[in-house]
file coords-v1.pdb (PDB, C-alpha atoms)
ATOM      1  CA  MET F   1      11.897 -21.062  36.812
ATOM      2  CA  LYS F   2      10.499 -23.745  34.566
ATOM      3  CA  ASN F   3       9.832 -22.950  30.903
ATOM      4  CA  THR F   4       6.388 -24.378  30.200
ATOM      5  CA  ALA F   5       4.601 -24.000  26.906
ATOM      6  CA  VAL F   6       1.216 -22.343  26.940
ATOM      7  CA  PRO F   7      -1.352 -24.774  25.538
ATOM      8  CA  GLU F   8      -3.235 -23.789  22.420
ATOM      9  CA  PRO F   9      -6.791 -22.624  23.153
ATOM     10  CA  PHE F  10      -8.205 -25.021  20.553
ATOM     11  CA  PRO F  11      -5.967 -28.076  20.090
ATOM     12  CA  TYR F  12      -8.251 -29.383  17.331
ATOM     13  CA  GLN F  13      -6.762 -30.301  13.987
ATOM     14  CA  ASP F  14      -8.914 -27.876  11.949
ATOM     15  CA  PHE F  15      -7.935 -24.967  14.239
ATOM     16  CA  GLN F  16      -4.248 -25.890  13.953
ATOM     17  CA  GLN F  17      -4.519 -26.167  10.161
ATOM     18  CA  ALA F  18      -6.267 -22.778   9.900
ATOM     19  CA  LEU F  19      -3.635 -21.250  12.190
ATOM     20  CA  ALA F  20      -0.766 -22.621  10.100
ATOM     21  CA  THR F  21      -2.412 -21.580   6.809
ATOM     22  CA  LEU F  22      -3.022 -17.996   7.965
ATOM     23  CA  LYS F  23       0.489 -17.601   9.344
ATOM     24  CA  VAL F  24       2.097 -18.869   6.140
ATOM     25  CA  ALA F  25      -0.115 -16.632   3.972
ATOM     26  CA  LEU F  26       0.606 -13.526   6.061
ATOM     27  CA  VAL F  27       4.347 -14.098   6.241
ATOM     28  CA  ARG F  28       4.589 -14.797   2.505
ATOM     29  CA  ALA F  29       2.958 -11.586   1.274
ATOM     30  CA  PRO F  30       0.181  -9.109   2.040
ATOM     31  CA  ALA F  31      -3.083 -11.019   1.995
ATOM     32  CA  TYR F  32      -6.819 -10.672   2.322
ATOM     33  CA  ALA F  33      -8.416 -13.371   4.430
ATOM     34  CA  LEU F  34     -11.979 -13.991   5.474
ATOM     35  CA  VAL F  35     -12.553 -16.250   8.463
ATOM     36  CA  LEU F  36     -16.089 -17.639   8.657
ATOM     37  CA  GLY F  37     -17.764 -19.938  11.127
ATOM     38  CA  GLU F  38     -20.536 -20.429  13.609
ATOM     39  CA  SER F  39     -20.709 -18.330  16.749
ATOM     40  CA  GLY F  40     -18.287 -19.732  19.322
ATOM     41  CA  SER F  41     -16.270 -21.724  16.782
ATOM     42  CA  GLY F  42     -13.009 -19.910  17.579
ATOM     43  CA  LYS F  43     -12.706 -17.270  14.839
ATOM     44  CA  THR F  44     -11.664 -14.460  17.189
ATOM     45  CA  THR F  45      -9.382 -16.799  19.116
ATOM     46  CA  LEU F  46      -7.783 -17.875  15.839
ATOM     47  CA  LEU F  47      -7.078 -14.278  14.799
ATOM     48  CA  ARG F  48      -5.703 -13.379  18.229
ATOM     49  CA  THR F  49      -3.514 -16.486  18.246
ATOM     50  CA  VAL F  50      -2.144 -15.611  14.801
ATOM     51  CA  ALA F  51      -1.444 -12.056  15.977
ATOM     52  CA  ALA F  52       0.304 -13.305  19.116
ATOM     53  CA  GLN F  53       2.505 -15.701  17.163
ATOM     54  CA  LEU F  54       3.601 -13.341  14.382
ATOM     55  CA  ASP F  55       6.992 -11.660  14.676
ATOM     56  CA  HIS F  56       6.209  -8.217  16.099
ATOM     57  CA  ARG F  57       9.421  -6.854  14.589
ATOM     58  CA  ARG F  58       7.919  -7.592  11.160
ATOM     59  CA  PHE F  59       4.219  -6.891  11.777
ATOM     60  CA  HIS F  60       2.238  -4.012  13.247
ATOM     61  CA  ILE F  61      -1.128  -5.469  14.219
ATOM     62  CA  LEU F  62      -4.206  -3.274  14.482
ATOM     63  CA  TYR F  63      -7.318  -4.954  15.831
ATOM     64  CA  LEU F  64     -10.731  -3.403  15.128
ATOM     65  CA  SER F  65     -13.757  -4.778  16.904
ATOM     66  CA  HIS F  66     -17.445  -3.998  17.173
ATOM     67  CA  GLY F  67     -17.339  -0.665  15.449
ATOM     68  CA  GLN F  68     -18.860   0.809  12.372
ATOM     69  CA  PRO F  69     -16.432   3.541  11.402
ATOM     70  CA  SER F  70     -17.199   5.660   8.392
ATOM     71  CA  PRO F  71     -14.476   5.914   5.739
ATOM     72  CA  ALA F  72     -13.366   9.217   7.315
ATOM     73  CA  GLY F  73     -13.432   7.632  10.778
ATOM     74  CA  LEU F  74     -11.297   4.747   9.557
ATOM     75  CA  VAL F  75      -8.715   7.091   8.025
ATOM     76  CA  ARG F  76      -8.695   9.149  11.218
ATOM     77  CA  LEU F  77      -8.204   5.990  13.337
ATOM     78  CA  LEU F  78      -5.314   4.796  11.173
ATOM     79  CA  ALA F  79      -3.703   8.255  11.194
ATOM     80  CA  GLU F  80      -3.956   8.400  14.984
ATOM     81  CA  THR F  81      -2.515   4.881  15.281
ATOM     82  CA  PHE F  82       0.604   6.027  13.431
ATOM     83  CA  HIS F  83       0.695   9.429  15.179
ATOM     84  CA  LEU F  84       0.069  11.335  11.968
ATOM     85  CA  PRO F  85      -1.429  14.806  11.989
ATOM     86  CA  LEU F  86      -4.872  15.047  10.474
ATOM     87  CA  ARG F  87      -4.927  17.128   7.313
ATOM     88  CA  ARG F  88      -7.677  19.441   6.106
ATOM     89  CA  THR F  89      -9.335  16.749   4.005
ATOM     90  CA  ARG F  90      -9.648  12.991   4.199
ATOM     91  CA  ALA F  91      -7.857  12.696   0.841
ATOM     92  CA  GLU F  92      -4.832  14.614   2.163
ATOM     93  CA  THR F  93      -4.751  12.504   5.335
ATOM     94  CA  SER F  94      -5.089   9.346   3.218
ATOM     95  CA  ARG F  95      -2.106  10.376   1.049
ATOM     96  CA  LEU F  96       0.004  10.908   4.178
ATOM     97  CA  LEU F  97      -1.169   7.573   5.550
ATOM     98  CA  VAL F  98      -0.308   5.722   2.330
ATOM     99  CA  GLN F  99       3.162   7.312   2.290
ATOM    100  CA  THR F 100       3.665   6.265   5.923
ATOM    101  CA  LEU F 101       2.494   2.699   5.282
ATOM    102  CA  ARG F 102       4.789   2.454   2.263
ATOM    103  CA  ASN F 103       7.784   3.438   4.436
ATOM    104  CA  LEU F 104       6.982   1.352   7.513
ATOM    105  CA  PRO F 105       9.709  -1.044   8.641
ATOM    106  CA  THR F 106       6.880  -3.421   9.605
ATOM    107  CA  ARG F 107       3.866  -4.622   7.670
ATOM    108  CA  LEU F 108       0.420  -3.659   8.919
ATOM    109  CA  LEU F 109      -2.061  -6.410   9.650
ATOM    110  CA  LEU F 110      -5.562  -5.002   9.993
ATOM    111  CA  SER F 111      -7.712  -7.525  11.857
ATOM    112  CA  ILE F 112     -11.422  -6.722  11.794
ATOM    113  CA  ASP F 113     -13.614  -8.723  14.155
ATOM    114  CA  GLU F 114     -17.344  -8.770  13.412
ATOM    115  CA  ALA F 115     -16.825  -7.033  10.061
ATOM    116  CA  GLN F 116     -20.281  -7.809   8.703
ATOM    117  CA  PRO F 117     -21.863  -4.567  10.029
ATOM    118  CA  LEU F 118     -19.170  -2.389   8.424
ATOM    119  CA  PRO F 119     -20.656  -0.101   5.798
ATOM    120  CA  ASP F 120     -19.716  -0.967   2.228
ATOM    121  CA  ASP F 121     -18.025   2.405   1.749
ATOM    122  CA  THR F 122     -15.730   1.690   4.727
ATOM    123  CA  LEU F 123     -14.756  -1.692   3.262
ATOM    124  CA  HIS F 124     -14.118   0.086  -0.043
ATOM    125  CA  GLU F 125     -11.895   2.633   1.772
ATOM    126  CA  ILE F 126      -9.871  -0.224   3.292
ATOM    127  CA  ARG F 127      -9.317  -1.700  -0.166
ATOM    128  CA  LEU F 128      -8.394   1.689  -1.637
ATOM    129  CA  LEU F 129      -5.811   2.299   1.085
ATOM    130  CA  ALA F 130      -4.350  -1.204   0.831
ATOM    131  CA  GLU F 131      -4.133  -1.020  -2.958
ATOM    132  CA  ALA F 132      -3.148   2.648  -3.277
ATOM    133  CA  ASP F 133      -0.028   1.745  -5.239
ATOM    134  CA  LEU F 134      -1.291  -0.286  -8.189
ATOM    135  CA  GLU F 135       2.249  -1.129  -9.284
ATOM    136  CA  ALA F 136       3.114  -2.870  -5.999
ATOM    137  CA  ALA F 137       1.733  -5.432  -3.577
ATOM    138  CA  PRO F 138      -1.006  -4.254  -1.206
ATOM    139  CA  LEU F 139       0.328  -2.022   1.576
ATOM    140  CA  PHE F 140      -1.205  -4.129   4.340
ATOM    141  CA  SER F 141      -3.029  -7.381   5.058
ATOM    142  CA  VAL F 142      -6.662  -7.559   6.140
TER     143      VAL F 142
END

call {"tool": "encode", "arguments": {"input": "coords-v1.pdb", "output": "structure tokens"}}
result
Amino acid sequence: MKNTAVPEPFPYQDFQQALATLKVALVRAPAYALVLGESGSGKTTLLRTVAAQLDHRRFHILYLSHGQPSPAGLVRLLAETFHLPLRRTRAETSRLLVQTLRNLPTRLLLSIDEAQPLPDDTLHEIRLLAEADLEAAPLFSV
């Protein structure tokens, strides 16, 4: 069986530069990144390519698309992703989630496609969870 490389979906120089920049930033430390561009310019393909090329022994990748979860819905989704029991309150579930993220052997990469319709309070919840430990680096990349 011949070992053939899969061609990149967008062999263009700007796509390759963006791909390399994102990979370096994510491997170096938790990061926040915003990918902007016209419809059809390859933003989703770029994020999926980055996710496919990252070391899955080091990263746990969670891809959110076309949803508008509330802050409680986001916490519930993350808890379910890590098989955590839901607690009585969102705050209790969030504390358990933060403890779990802190002890993960991998780093979470939260990739949000079409994030513009997300409510501001959900974006705020993401930041609060990522930065729950003010004395340390963010718990995950977005």

call {"tool": "closest_atom_pairs", "arguments": {"input": "coords-v1.pdb", "of": "region 23-88 of chain F", "to": "region 11-15 of chain F", "cutoff": "10 Å", "atoms": "all atoms listed in the file", "output": "JSON lines"}}
result
{"residue": "F:Ser41", "atom": "CA", "partner": "F:Phe15", "partner_atom": "CA", "distance": 9.3}
{"residue": "F:Gly42", "atom": "CA", "partner": "F:Phe15", "partner_atom": "CA", "distance": 7.9}
{"residue": "F:Lys43", "atom": "CA", "partner": "F:Phe15", "partner_atom": "CA", "distance": 9.1}
{"residue": "F:Thr45", "atom": "CA", "partner": "F:Phe15", "partner_atom": "CA", "distance": 9.6}
{"residue": "F:Leu46", "atom": "CA", "partner": "F:Phe15", "partner_atom": "CA", "distance": 7.3}

call {"tool": "closest_residue", "arguments": {"input": "coords-v1.pdb", "among": "F:Leu134, F:Ala20, F:Ala115, F:Leu62", "to": "Glu80 (chain F)", "atoms": "all atoms listed in the file"}}
result
F:Leu62

call {"tool": "resolve_selection", "arguments": {"input": "coords-v1.pdb", "expression": "the PyMOL selection byres ((chain F and resi 23) around 12)", "output": "PyMOL selection string"}}
result
chain F and resi 16-22+24-31+33+46-55+59+109+141

call {"tool": "axis_aligned_box", "arguments": {"input": "coords-v1.pdb", "around": "region 132-138 of chain F", "padding_each_side": "6 Å", "output": "AutoDock Vina command-line options"}}
result
--center_x 0.0 --center_y -1.4 --center_z -5.2 --size_x 18.3 --size_y 20.1 --size_z 20.1

call {"tool": "atom_distance", "arguments": {"input": "coords-v1.pdb", "atom1": "CA of Thr122 (chain F)", "atom2": "CA of Glu38 (chain F)"}}
result
24.3 Å

call {"tool": "closest_residue", "arguments": {"input": "coords-v1.pdb", "among": "F:Ile112, F:Leu118, F:Leu101, F:Leu123", "to": "Leu34 (chain F)", "atoms": "all atoms listed in the file"}}
result
F:Ile112

call {"tool": "closest_residue", "arguments": {"input": "coords-v1.pdb", "among": "F:Thr106, F:Thr44, F:Thr81, F:Ser94", "to": "Ser65 (chain F)", "atoms": "all atoms listed in the file"}}
result
F:Thr44

call {"tool": "atom_distance", "arguments": {"input": "coords-v1.pdb", "atom1": "CA of Glu114 (chain F)", "atom2": "CA of Gly40 (chain F)"}}
result
12.5 Å

call {"tool": "atom_distance", "arguments": {"input": "coords-v1.pdb", "atom1": "CA of Leu86 (chain F)", "atom2": "CA of Leu108 (chain F)"}}
result
19.5 Å

call {"tool": "resolve_selection", "arguments": {"input": "coords-v1.pdb", "expression": "the PyMOL selection byres ((chain F and resi 75) around 8)", "output": "list in words"}}
result
Pro71, Ala72, Gly73, Leu74, Arg76, Leu77, Leu78, Ala79, Arg90, Thr93, Ser94 and Leu97 of chain F

call {"tool": "build_atoms", "arguments": {"input": "coords-v1.pdb", "residues": "region 85-96 of chain F", "atoms": "all heavy atoms", "output": "CSV table (one decimal), in the coordinates of the input"}}
result
chain,number,residue,atom,x,y,z
F,85,PRO,N,-0.5,13.7,11.8
F,85,PRO,CA,-1.4,14.8,12.0
F,85,PRO,C,-2.6,14.7,11.0
F,85,PRO,O,-2.3,14.3,9.8
F,85,PRO,CB,-0.5,16.0,11.7
F,85,PRO,CG,0.5,15.5,10.8
F,85,PRO,CD,0.8,14.1,11.2
F,86,LEU,N,-3.7,15.0,11.4
F,86,LEU,CA,-4.9,15.0,10.5
F,86,LEU,C,-4.7,16.3,9.6
F,86,LEU,O,-4.4,17.3,10.0
F,86,LEU,CB,-6.2,15.1,11.2
F,86,LEU,CG,-6.5,13.9,12.1
F,86,LEU,CD1,-7.8,14.1,12.9
F,86,LEU,CD2,-6.6,12.6,11.3
F,87,ARG,N,-5.0,16.0,8.3
F,87,ARG,CA,-4.9,17.1,7.3
F,87,ARG,C,-6.3,17.7,7.1
F,87,ARG,O,-7.3,17.3,7.7
F,87,ARG,CB,-4.4,16.6,6.0
F,87,ARG,CG,-3.0,16.0,6.1
F,87,ARG,CD,-2.0,17.0,6.5
F,87,ARG,NE,-0.7,16.5,6.3
F,87,ARG,CZ,0.4,17.0,7.0
F,87,ARG,NH1,0.2,18.0,7.8
F,87,ARG,NH2,1.5,16.4,6.8
F,88,ARG,N,-6.4,18.8,6.3
F,88,ARG,CA,-7.7,19.4,6.1
F,88,ARG,C,-8.7,18.5,5.5
F,88,ARG,O,-9.9,18.6,5.9
F,88,ARG,CB,-7.5,20.6,5.2
F,88,ARG,CG,-7.5,21.9,5.8
F,88,ARG,CD,-7.4,23.1,4.9
F,88,ARG,NE,-6.6,22.8,3.7
F,88,ARG,CZ,-6.9,23.2,2.5
F,88,ARG,NH1,-7.9,24.0,2.3
F,88,ARG,NH2,-6.1,22.9,1.5
F,89,THR,N,-8.4,17.6,4.6
F,89,THR,CA,-9.3,16.7,4.0
F,89,THR,C,-8.9,15.3,4.2
F,89,THR,O,-7.8,15.0,4.5
F,89,THR,CB,-9.4,17.0,2.5
F,89,THR,OG1,-8.2,16.6,1.9
F,89,THR,CG2,-9.7,18.5,2.2
F,90,ARG,N,-9.9,14.4,4.1
F,90,ARG,CA,-9.6,13.0,4.2
F,90,ARG,C,-8.7,12.5,3.1
F,90,ARG,O,-7.8,11.7,3.4
F,90,ARG,CB,-11.0,12.2,4.1
F,90,ARG,CG,-10.7,10.7,4.2
F,90,ARG,CD,-12.0,10.0,4.3
F,90,ARG,NE,-12.3,9.4,2.9
F,90,ARG,CZ,-13.5,9.2,2.4
F,90,ARG,NH1,-14.5,9.5,3.1
F,90,ARG,NH2,-13.6,8.7,1.2
F,91,ALA,N,-8.8,13.1,1.9
F,91,ALA,CA,-7.9,12.7,0.8
F,91,ALA,C,-6.4,13.0,1.2
F,91,ALA,O,-5.5,12.2,0.9
F,91,ALA,CB,-8.3,13.4,-0.5
F,92,GLU,N,-6.2,14.2,1.8
F,92,GLU,CA,-4.8,14.6,2.2
F,92,GLU,C,-4.3,13.7,3.3
F,92,GLU,O,-3.1,13.3,3.2
F,92,GLU,CB,-4.8,16.1,2.6
F,92,GLU,CG,-5.1,17.1,1.5
F,92,GLU,CD,-5.2,18.5,2.0
F,92,GLU,OE1,-5.7,18.7,3.2
F,92,GLU,OE2,-5.0,19.4,1.2
F,93,THR,N,-5.2,13.4,4.3
F,93,THR,CA,-4.8,12.5,5.3
F,93,THR,C,-4.5,11.1,4.8
F,93,THR,O,-3.5,10.5,5.2
F,93,THR,CB,-5.8,12.5,6.4
F,93,THR,OG1,-6.1,13.8,6.9
F,93,THR,CG2,-5.4,11.6,7.6
F,94,SER,N,-5.3,10.7,3.8
F,94,SER,CA,-5.1,9.3,3.2
F,94,SER,C,-3.8,9.3,2.5
F,94,SER,O,-3.0,8.3,2.6
F,94,SER,CB,-6.2,9.0,2.3
F,94,SER,OG,-7.4,8.9,2.9
F,95,ARG,N,-3.4,10.4,1.8
F,95,ARG,CA,-2.1,10.4,1.0
F,95,ARG,C,-0.9,10.3,2.0
F,95,ARG,O,0.0,9.5,1.8
F,95,ARG,CB,-2.0,11.6,0.2
F,95,ARG,CG,-2.6,11.5,-1.1
F,95,ARG,CD,-2.2,12.7,-2.1
F,95,ARG,NE,-2.8,14.0,-1.7
F,95,ARG,CZ,-4.0,14.4,-2.0
F,95,ARG,NH1,-4.8,13.6,-2.7
F,95,ARG,NH2,-4.4,15.5,-1.6
F,96,LEU,N,-1.0,11.0,3.1
F,96,LEU,CA,0.0,10.9,4.2
F,96,LEU,C,0.1,9.5,4.8
F,96,LEU,O,1.1,9.0,5.0
F,96,LEU,CB,-0.3,12.0,5.3
F,96,LEU,CG,0.7,12.0,6.4
F,96,LEU,CD1,2.1,12.3,5.9
F,96,LEU,CD2,0.3,13.1,7.4
